[in-house]
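In what follows, a structure is listed as structure tokens, so that the remarks can point back to it.
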Amino acid sequence: MPDTTDTPPVSMARMTDSRLIKSGMIPSEGNVDGFAVAEVNGRLLVVCVSRDDVWTWDPLRDEWVERPLADFDNGSYGIPVYPDFHHIDVTVADGRVVFAAGGQHQGPGLWDVMSGELLNAPPEFRSCVHALALTSVGGRTTLVAGAAAPEVWVWDPSDPEVEAWGPTDDEYAEEQEPRELPGHSDDMSGLVVGRLRGRHVVVSGGDTEVLLSDLESEELLHKWSADGLVHAVALSEVGGRPVVLAVTDSGEMRIWDAVGGGPVGHFPTGHTERVSALAAAVVGARTLAVTGSDDGTARVWDLAEGRQIGAPMARHEGEVWAVAIAPLDGRHVVLTAGRGGIVRVWDPSV
């Protein structure tokens, strides 16, 4: 892949606004600490967190709605567990927009974000969630979390008898114990779940390693050295070949073959500070990736060519903590957010 260090400086990029489609400011006047996106009734919904507040944003209507969530306590001891939404994800299950959250002071919990109903309280005495992600396996909402250990929690929205976190095997559901993913570190700094040749897989990053596991069999498929602290990971494909991506504190993006395990390539992102956000998606005939950095910019990449598309997107006032690629009104867009409380929507093709 070609070297992409000759990118426009940030001062020039701040004058390049041709890709900006629209912006929305969170009404709480705080930062957007993170967001996740879902398609609800054919429309894009952005779920944002700002400290302990949760908001949804409909970009087409430019409509913000605050979503108060039901409180919980720590089991029979009555010890309050303070909302900690540092790590979040959303999915649509059984007609609900399911919101998962956890953090340093809270284990993984689930809410119906539209009604605020608490679906599953965080398990007792489990804290320090470093990363989490949601998926659906066999009709069951499945959450993978780097907590006390890298754990797999399952909630079945279609079964009224399953009202607490538990394993996938009904015979042991009363034990309400999660499954662990061998080999993965609990101190994750990046986590995604996805599909690989018909199987659900988990990609995690931490320290200087990236791991890929089969979610259902728990088999560790690949383990790679990233030559630096991993800040974010993604799963996509290039030219029909499944790939795993990671960004490290060296400022590089590294790419591996998710099936064969060999390296595909690596290149510098050109960011001048930490790259803490990464997303990737196949858009038409291209595989795009977007990186977000503490330098206040986001950059779009053509992974097949290993080159940056256009100048850096640099309208943010500070760090970019969250990025996504999602369909909106018939086309794919890039979403970015972070310090300053503004979610921006960009055209990645310009």
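How things are named: the first chain in the structure tokens is A, the next is B, and so on; residues count from 1 in each chain; ligands count from 1 in the order shown.
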
- Message: Show me, as a list in words, the residues that have an atom within 8 Å of range 332-339 of chain A when counting only C-alpha atoms, minus same-chain residues fewer than 5 positions from it.
- Response: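 Here the answer would be Asn31, Val32, Asp33, Gly34, Phe35, Val283, Val290, Gly292, Ala298, His316, Glu317, Gly318, Glu319, Val320, Trp321, Ala322, Val323, Ala324, Ile325, Ala326, Pro327, Arg344, Val345, Trp346, Asp347 and Pro348 of chain A.
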
Store the residues of this selection in a file with N, CA and C atoms, as an mmCIF file, in the first residue's frame.
```cif
data_model
loop_
_atom_site.group_PDB
_atom_site.id
_atom_site.type_symbol
_atom_site.label_atom_id
_atom_site.label_comp_id
_atom_site.auth_asym_id
_atom_site.auth_seq_id
_atom_site.Cartn_x
_atom_site.Cartn_y
_atom_site.Cartn_z
ATOM 1 N N ASN A 31 -20.323 17.388 25.815
ATOM 2 C CA ASN A 31 -19.629 16.686 24.747
ATOM 3 C C ASN A 31 -20.426 15.458 24.321
ATOM 4 N N VAL A 32 -20.209 14.989 23.120
ATOM 5 C CA VAL A 32 -20.726 13.688 22.713
ATOM 6 C C VAL A 32 -19.631 12.676 23.030
ATOM 7 N N ASP A 33 -19.799 11.972 24.149
ATOM 8 C CA ASP A 33 -18.766 11.036 24.591
ATOM 9 C C ASP A 33 -18.708 9.794 23.724
ATOM 10 N N GLY A 34 -19.809 9.495 23.044
ATOM 11 C CA GLY A 34 -19.846 8.355 22.141
ATOM 12 C C GLY A 34 -21.209 8.252 21.502
ATOM 13 N N PHE A 35 -21.278 7.532 20.389
ATOM 14 C CA PHE A 35 -22.582 7.274 19.786
ATOM 15 C C PHE A 35 -22.563 5.917 19.111
ATOM 16 N N VAL A 283 -18.899 0.008 0.518
ATOM 17 C CA VAL A 283 -19.831 0.980 -0.070
ATOM 18 C C VAL A 283 -19.694 0.876 -1.586
ATOM 19 N N VAL A 290 -12.940 4.924 8.078
ATOM 20 C CA VAL A 290 -12.840 6.286 8.599
ATOM 21 C C VAL A 290 -12.147 6.226 9.948
ATOM 22 N N GLY A 292 -10.895 8.578 13.410
ATOM 23 C CA GLY A 292 -11.099 9.802 14.181
ATOM 24 C C GLY A 292 -9.980 9.971 15.174
ATOM 25 N N ALA A 298 -11.107 13.857 11.162
ATOM 26 C CA ALA A 298 -11.439 12.505 10.732
ATOM 27 C C ALA A 298 -10.980 12.371 9.287
ATOM 28 N N HIS A 316 -14.447 19.874 13.652
ATOM 29 C CA HIS A 316 -14.654 19.686 15.082
ATOM 30 C C HIS A 316 -13.739 20.606 15.891
ATOM 31 N N GLU A 317 -14.225 21.008 17.069
ATOM 32 C CA GLU A 317 -13.481 21.924 17.920
ATOM 33 C C GLU A 317 -12.412 21.223 18.749
ATOM 34 N N GLY A 318 -12.502 19.914 18.846
ATOM 35 C CA GLY A 318 -11.542 19.163 19.653
ATOM 36 C C GLY A 318 -11.507 17.722 19.217
ATOM 37 N N GLU A 319 -11.223 16.832 20.151
ATOM 38 C CA GLU A 319 -11.034 15.423 19.836
ATOM 39 C C GLU A 319 -12.267 14.806 19.170
ATOM 40 N N VAL A 320 -12.021 13.921 18.214
ATOM 41 C CA VAL A 320 -13.078 13.124 17.588
ATOM 42 C C VAL A 320 -13.049 11.759 18.247
ATOM 43 N N TRP A 321 -14.112 11.440 18.995
ATOM 44 C CA TRP A 321 -14.140 10.222 19.801
ATOM 45 C C TRP A 321 -14.987 9.110 19.188
ATOM 46 N N ALA A 322 -15.821 9.423 18.219
ATOM 47 C CA ALA A 322 -16.706 8.410 17.656
ATOM 48 C C ALA A 322 -16.884 8.653 16.167
ATOM 49 N N VAL A 323 -16.865 7.567 15.380
ATOM 50 C CA VAL A 323 -17.080 7.640 13.942
ATOM 51 C C VAL A 323 -17.952 6.463 13.522
ATOM 52 N N ALA A 324 -18.647 6.614 12.397
ATOM 53 C CA ALA A 324 -19.463 5.532 11.857
ATOM 54 C C ALA A 324 -19.659 5.759 10.371
ATOM 55 N N ILE A 325 -19.936 4.675 9.650
ATOM 56 C CA ILE A 325 -20.361 4.719 8.250
ATOM 57 C C ILE A 325 -21.738 4.071 8.212
ATOM 58 N N ALA A 326 -22.736 4.780 7.692
ATOM 59 C CA ALA A 326 -24.107 4.278 7.760
ATOM 60 C C ALA A 326 -24.917 4.799 6.581
ATOM 61 N N PRO A 327 -26.003 4.086 6.206
ATOM 62 C CA PRO A 327 -26.866 4.565 5.126
ATOM 63 C C PRO A 327 -27.805 5.671 5.621
ATOM 64 N N ARG A 344 -21.554 15.432 13.222
ATOM 65 C CA ARG A 344 -21.493 15.911 11.843
ATOM 66 C C ARG A 344 -21.684 14.752 10.880
ATOM 67 N N VAL A 345 -22.349 15.070 9.764
ATOM 68 C CA VAL A 345 -22.629 14.091 8.723
ATOM 69 C C VAL A 345 -21.897 14.522 7.463
ATOM 70 N N TRP A 346 -21.110 13.605 6.878
ATOM 71 C CA TRP A 346 -20.248 13.934 5.759
ATOM 72 C C TRP A 346 -20.518 13.019 4.564
ATOM 73 N N ASP A 347 -20.250 13.536 3.381
ATOM 74 C CA ASP A 347 -20.241 12.759 2.157
ATOM 75 C C ASP A 347 -18.829 12.206 1.980
ATOM 76 N N PRO A 348 -18.637 10.868 2.069
ATOM 77 C CA PRO A 348 -17.277 10.323 2.006
ATOM 78 C C PRO A 348 -16.696 10.280 0.607
#
```

- For Asp17 in chain A, please output as a PyMOL selection string all residues within 9 Å (counting only C-alpha atoms; exclusion window: fewer than 6 positions along the same chain). chain A and resi 313-315

Excluding Arg96 in chain A and its own-chain neighbours fewer than 5 positions away, which residues fall within 10 Å of it when counting only C-alpha atoms? Please give them as a tab-separated table (two decimals) with N, CA, C and O atoms, in the first residue's frame.
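Dumped everything to selection.tsv:
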```tsv
chain	number	residue	atom	x	y	z
A	40	VAL	N	-33.94	2.12	12.13
A	40	VAL	CA	-35.21	1.89	12.79
A	40	VAL	C	-36.33	2.31	11.84
A	40	VAL	O	-36.43	3.48	11.46
A	91	THR	N	-28.70	-2.14	19.07
A	91	THR	CA	-29.18	-3.05	18.04
A	91	THR	C	-30.70	-3.04	18.10
A	91	THR	O	-31.30	-2.54	19.07
A	111	TRP	N	-31.08	-1.60	28.07
A	111	TRP	CA	-32.30	-0.83	28.17
A	111	TRP	C	-33.01	-0.80	26.82
A	111	TRP	O	-32.37	-0.92	25.77
A	112	ASP	N	-34.32	-0.62	26.84
A	112	ASP	CA	-35.07	-0.21	25.66
A	112	ASP	C	-34.93	1.30	25.60
A	112	ASP	O	-35.49	2.03	26.42
A	113	VAL	N	-34.14	1.80	24.64
A	113	VAL	CA	-33.79	3.21	24.65
A	113	VAL	C	-34.99	4.11	24.36
A	113	VAL	O	-35.04	5.26	24.80
A	114	MET	N	-36.01	3.60	23.66
A	114	MET	CA	-37.15	4.44	23.31
A	114	MET	C	-38.10	4.61	24.50
A	114	MET	O	-38.64	5.70	24.72
A	115	SER	N	-38.29	3.54	25.28
A	115	SER	CA	-39.20	3.63	26.43
A	115	SER	C	-38.46	3.91	27.73
A	115	SER	O	-39.07	4.33	28.71
A	157	PRO	N	-34.96	-11.75	23.90
A	157	PRO	CA	-36.13	-10.87	24.00
A	157	PRO	C	-37.44	-11.58	23.69
A	157	PRO	O	-38.50	-11.07	24.01
```

- Return as a ChimeraX atom specification the full set of residues in range 25-235 of chain A whose backbone-based DSSP assignment is helix (DSSP H, G or I). /A:75-77,170-175

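The shortest atom-to-atom distance to Ser136 in chain A, with only C-alpha atoms taken into account, belongs to A:Gly194 out of A:Pro68, A:Gly206, A:Gly194, A:Gly30.
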
- Item | Which of A:Cys128, A:Ser28, A:Val90, A:Thr142 sits closest to Gly107 in chain A [using only C-alpha atoms] |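 The answer is A:Cys128, which sits nearest to Gly107 in chain A.
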
- Query: Could you state the separation of CA of Val259 in chain A and CA of Asp186 in chain A in Å, given to one decimal place?
  - Reply: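 Pair CA of Val259 in chain A / CA of Asp186 in chain A returns 24.2 Å.
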
- Message: Residues within 7 Å of Ala281 in chain A, please, as number ranges by chain. Count only C-alpha atoms; anything in the same chain fewer than 4 positions from it doesn't count.
- Response: A: 236, 287-289, 325

- Mind checking which residues fall within 7 Å of Trp224 in chain A, counting only C-alpha atoms, ignoring those fewer than 5 positions away in the same chain, and posting them as a list in words?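 With the cut-off at 7 Å, the set is Glu209, Val210 and Leu211 of chain A.
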
- Query: If you count only C-alpha atoms, which residues fall within 7 Å of His130 in chain A, apart from same-chain ones fewer than 3 positions away, as JSON, numbers by chain?
  - Reply: {"A": [103, 146, 147, 187, 188, 189]}

File dump, residues just selected, all heavy atoms, as a PDB file, in the first residue's frame:
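again_30.pdb written:
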```pdb
ATOM      1  N   GLY A 103     -19.165   0.685  31.951  1.00  0.00           N
ATOM      2  CA  GLY A 103     -18.003   1.545  32.127  1.00  0.00           C
ATOM      3  C   GLY A 103     -17.211   1.160  33.349  1.00  0.00           C
ATOM      4  O   GLY A 103     -17.341   0.055  33.885  1.00  0.00           O
ATOM      5  N   GLY A 146     -15.611  -6.741  27.589  1.00  0.00           N
ATOM      6  CA  GLY A 146     -14.365  -6.879  28.316  1.00  0.00           C
ATOM      7  C   GLY A 146     -14.590  -6.299  29.697  1.00  0.00           C
ATOM      8  O   GLY A 146     -14.551  -5.086  29.885  1.00  0.00           O
ATOM      9  N   ALA A 147     -14.892  -7.146  30.661  1.00  0.00           N
ATOM     10  CA  ALA A 147     -15.224  -6.703  32.029  1.00  0.00           C
ATOM     11  C   ALA A 147     -14.257  -7.371  32.985  1.00  0.00           C
ATOM     12  O   ALA A 147     -13.049  -7.259  32.826  1.00  0.00           O
ATOM     13  CB  ALA A 147     -16.683  -7.045  32.342  1.00  0.00           C
ATOM     14  N   ASP A 187      -8.709  -6.142  29.511  1.00  0.00           N
ATOM     15  CA  ASP A 187      -8.324  -4.742  29.360  1.00  0.00           C
ATOM     16  C   ASP A 187      -8.328  -4.359  27.882  1.00  0.00           C
ATOM     17  O   ASP A 187      -7.322  -3.969  27.301  1.00  0.00           O
ATOM     18  CB  ASP A 187      -6.942  -4.509  29.970  1.00  0.00           C
ATOM     19  CG  ASP A 187      -6.621  -3.023  30.106  1.00  0.00           C
ATOM     20  OD1 ASP A 187      -7.553  -2.206  29.956  1.00  0.00           O
ATOM     21  OD2 ASP A 187      -5.453  -2.684  30.341  1.00  0.00           O
ATOM     22  N   MET A 188      -9.513  -4.489  27.275  1.00  0.00           N
ATOM     23  CA  MET A 188      -9.644  -4.215  25.851  1.00  0.00           C
ATOM     24  C   MET A 188      -9.666  -2.717  25.590  1.00  0.00           C
ATOM     25  O   MET A 188     -10.186  -1.940  26.381  1.00  0.00           O
ATOM     26  CB  MET A 188     -10.943  -4.808  25.306  1.00  0.00           C
ATOM     27  CG  MET A 188     -11.053  -6.312  25.396  1.00  0.00           C
ATOM     28  SD  MET A 188     -12.685  -6.858  24.830  1.00  0.00           S
ATOM     29  CE  MET A 188     -12.555  -8.629  25.076  1.00  0.00           C
ATOM     30  N   SER A 189      -9.123  -2.335  24.436  1.00  0.00           N
ATOM     31  CA  SER A 189      -9.245  -0.951  23.999  1.00  0.00           C
ATOM     32  C   SER A 189     -10.003  -0.855  22.686  1.00  0.00           C
ATOM     33  O   SER A 189     -10.159   0.224  22.132  1.00  0.00           O
ATOM     34  CB  SER A 189      -7.856  -0.326  23.838  1.00  0.00           C
ATOM     35  OG  SER A 189      -7.018  -1.162  23.067  1.00  0.00           O
TER      36      SER A 189
END
```

- May I ask which of the residues A:Val49, A:Glu39, A:Gly138, A:Asp257 is the closest one to Glu216 in chain A, counting only C-alpha atoms?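 Closest to Glu216 in chain A of all the choices is A:Gly138.
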
- Note on the structure: A straight line from CA of His86 in chain A to CA of Phe99 in chain A spans 12.6 Å
